[in-house]
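Structure first, then comments.
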There are 2 protein chains.
Amino acid sequence: MNGEHDAPRRQRLTRAEAKARTRTLLLDAAARIFARKGFTGASVEEIAEAAGFSTGALYSNFNSKEALFLELLSDRQNDRIAEAARALDSHEAGSGEAAAELGRLLIDVADKDIDFAPLQAEFWLYAVRNPQALETMAAKLREPRRALEQVISTSLAERGAPEGVPAETVATVVAALFQGLVRLRRLDPSSVSEELFAQALTWLFAGIDAAGTPTGAEDD
Amino acid sequence: MNGEHDAPRRQRLTRAEAKARTRTLLLDAAARIFARKGFTGASVEEIAEAAGFSTGALYSNFNSKEALFLELLSDRQNDRIAEAARALDSHEAGSGEAAAELGRLLIDVADKDIDFAPLQAEFWLYAVRNPQALETMAAKLREPRRALEQVISTSLAERGAPEGVPAETVATVVAALFQGLVRLRRLDPSSVSEELFAQALTWLFAGIDAAGTPTGAEDD
DNA sequence: GTCTATACGTAGATAGAC
DNA sequence: GTCTATCTACGTATAGAC
């Protein structure tokens, strides 16, 4: 009855597209459930049901629970980080505006996207426990990291900071601060105000300027 | 033969002491295994065996796997953090020495005590997922946090920073930075050099000074 | 107080129907 | 390609011996 190489494609949704949609839905559900229950704590049945499918459908799209998790680790974790890079790109790092923008992003990540930080933590733990995944994760962080470095590098030059201050180092500090503050805010929101990240960045860049010109002398 | 209220105490190891020792050994093993496999990933049998006991002995000392984990969360997590507070106490925060000392501590935590950061991550995830444990965890972090605040407060006063800079805020920034850098170093050691934390602290405090006295004016 | 043996539930993964 | 049913293994927790 239903020939398979001739008939289908009735509503612009080919078989391949339908499968791709299923995959996407499963990945979305997996991100939520993994974030809420952890890699080992989450069950494949739970994930499949949350996506509206059965475990059979899940295994038809992914070889194993681990493969599903690793695909998230490779493909999904950049979403928010890329957003941060964009937020930085529209202003200059070190300026009050960029700091304020990043501050807002921090609050968003910590408060609105409640699954983000726990999922990142799961990724980090998995990477730390599985050396082969460690390189994958480090690689995935490199791209947005370079974007951050680039913006910081530009900003440092504009501020007249000396060449003794590599943008790479500053980018690391900013990234670490961001992560750390997001996690602290989840534990105790009152300890990490909405303006704190912006404030810290302001201090940091002022300190870099001061370190470049300790007593007020400039030029190199 | 062996009367129980009269005879024992032959090698200075009473029954109560023996049990306490068992508990300690189980807790030590639990810390290791939970750090390496995660809360859900670790099995009680694994933990018991690592401590040299059986699951029966474990359940004779703890009501459940969760109770064991919660005891670690409540009692053990302060070890390293208290150490940080002590490191700060011997110098003044903001001084080059204190910064260097903390920098060494960071490297120690990141490289030597390989179970510390993953265990903290497990605690954090558990707290984020279990609101009732969240308060427990936040409370446990408060004590060393106050110590950090105290030292920073003193240091700020010495440096002539204005009252507009609360030590509480600075302490949060320092703590977040520490956590964030430890985790980044585990992913990519080359991105977080041994001197980076000290460097970041130096910048931070210089920036605070500069913010207090923007163009070079002092006095209050 | 600790061990051995086990009950009971649940989870990852597969097989075969549709 | 997805679902239902199931196989198998493992993990928590308990019971009873020593």
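Residue numbering restarts at 1 in every chain; chains get A, B, ... in the order shown in the structure tokens, and ligands count up from 1 in that same order.
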Handout entry: Selection: 12 Å around DC7 (chain D), only C-alpha atoms (C1' of nucleotides), excl. self and same-chain fewer than 4 positions, as a count of residues only
Key = 4
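Those residues in region 7-45 of chain B carrying a DSSP assignment of alpha helix (DSSP H), computed from the backbone, are Arg15, Ala16, Glu17, Ala18, Lys19, Ala20, Arg21, Thr22, Arg23, Thr24, Leu25, Leu26, Leu27, Asp28, Ala29, Ala30, Ala31, Arg32, Ile33, Phe34, Ala35, Arg36, Lys37, Val44 and Glu45 of chain B.
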Cut-off 9 Å: closest chain D/chain B atom pairs per residue, using only C-alpha atoms (C1' of nucleotides), as JSON lines:
{"residue": "D:DG11", "atom": "C1'", "partner": "B:Ser43", "partner_atom": "CA", "distance": 6.7}
{"residue": "D:DT12", "atom": "C1'", "partner": "B:Val44", "partner_atom": "CA", "distance": 7.9}
{"residue": "D:DA13", "atom": "C1'", "partner": "B:Ser64", "partner_atom": "CA", "distance": 8.1}
{"residue": "D:DT14", "atom": "C1'", "partner": "B:Gly56", "partner_atom": "CA", "distance": 9.0}
Problem - Within 8 Å of Ile107 (chain A) using only C-alpha atoms (C1' of nucleotides), minus same-chain residues under 4 positions, as a list in words - result: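 Non-adjacent residues within range: Gly103, Asp111, Lys112, Val182 and Glu194 of chain A.
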Would you mind exporting the chosen residues as a PDB file, in the first residue's frame, restricted to N, CA, C and O atoms?
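Once everything was written out, this is selection04.pdb:
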ATOM      1  N   GLY A 103      26.147  41.668  33.793  1.00  0.00           N
ATOM      2  CA  GLY A 103      25.477  41.505  35.075  1.00  0.00           C
ATOM      3  C   GLY A 103      24.059  41.002  34.881  1.00  0.00           C
ATOM      4  O   GLY A 103      23.621  40.086  35.572  1.00  0.00           O
ATOM      5  N   ASP A 111      18.798  32.875  37.580  1.00  0.00           N
ATOM      6  CA  ASP A 111      17.410  32.863  38.039  1.00  0.00           C
ATOM      7  C   ASP A 111      16.424  32.289  37.033  1.00  0.00           C
ATOM      8  O   ASP A 111      15.572  31.469  37.394  1.00  0.00           O
ATOM      9  N   LYS A 112      16.523  32.704  35.794  1.00  0.00           N
ATOM     10  CA  LYS A 112      15.534  32.287  34.804  1.00  0.00           C
ATOM     11  C   LYS A 112      15.822  30.890  34.276  1.00  0.00           C
ATOM     12  O   LYS A 112      14.994  30.003  34.351  1.00  0.00           O
ATOM     13  N   VAL A 182      27.321  32.644  39.675  1.00  0.00           N
ATOM     14  CA  VAL A 182      26.050  31.982  39.353  1.00  0.00           C
ATOM     15  C   VAL A 182      25.754  30.902  40.385  1.00  0.00           C
ATOM     16  O   VAL A 182      24.644  30.798  40.905  1.00  0.00           O
ATOM     17  N   GLU A 194      22.141  41.741  42.153  1.00  0.00           N
ATOM     18  CA  GLU A 194      22.073  41.853  40.697  1.00  0.00           C
ATOM     19  C   GLU A 194      23.219  42.685  40.136  1.00  0.00           C
ATOM     20  O   GLU A 194      23.622  42.524  38.996  1.00  0.00           O
TER      21      GLU A 194
END
Exercise for the section: Return the single residue from C:DA17, C:DA11, C:DG1, C:DT6 that is closest to chain B, with distances computed using only C-alpha atoms (C1' of nucleotides). Expected result: C:DG1
Problem - Interface, chain C side, toward chain B (10 Å; only C-alpha atoms (C1' of nucleotides)) as a list in words - result: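 Every residue of chain C that passes the 10 Å test is in DG1, DT2, DC3 and DT4 of chain C.
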Practice task
Please determine the contact residues of chain A with respect to chain B at a cut-off of 9 Å, counting only C-alpha atoms, and supply them as JSON, numbers by chain.
Solution key: {"A": [36, 37, 38, 39, 40, 41, 118, 121, 122, 124, 125, 127, 128, 129, 134, 135, 137, 138, 168, 169, 170, 172, 173, 174, 175, 176, 177, 178, 179, 180, 181, 182, 183, 184, 186, 187, 188, 191, 192, 193, 196, 197, 200, 201, 202, 203, 204, 205, 206, 207, 208, 209, 210, 211, 215, 216]}
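Counting from CA of Ala157 (chain A), the distance to CA of Ala100 (chain B) is 27.4 Å.
With CA of Ala147 (chain B) on one side and CA of Ala85 (chain B) on the other, the separation reads 6.0 Å.
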Practice task
Using only C-alpha atoms (C1' of nucleotides), determine which residues lie at most 9 Å from Asp89 (chain A), disregarding the query and same-chain residues fewer than 2 positions distant; provide the list as an MDAnalysis selection string.
Solution key: chainID A and resid 84:87 91:93 98 147:148 151
Practice task
List the neighbours of Leu88 (chain A) out to 12 Å using only C-alpha atoms (C1' of nucleotides); skip same-chain residues closer than 6 positions along the sequence, and give me the result as a list in words.
Solution key: Ile81, Ala82, Gly94, Ser95, Gly96, Glu97, Ala98, Ala99, Ala100, Glu101, Leu102, Gly103, Arg104, Leu105, Pro144, Arg145, Arg146, Ala147, Leu148, Glu149, Gln150, Val151, Ile152, Ser153, Thr154, Ser155, Ala171 and Val174 of chain A
Handout entry: Straight-line distance linking CA of Ala20 (chain B) with CA of Ile47 (chain B), stated in Å to one decimal
Key =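 Between CA of Ala20 (chain B) and CA of Ile47 (chain B) the gap is 16.6 Å.
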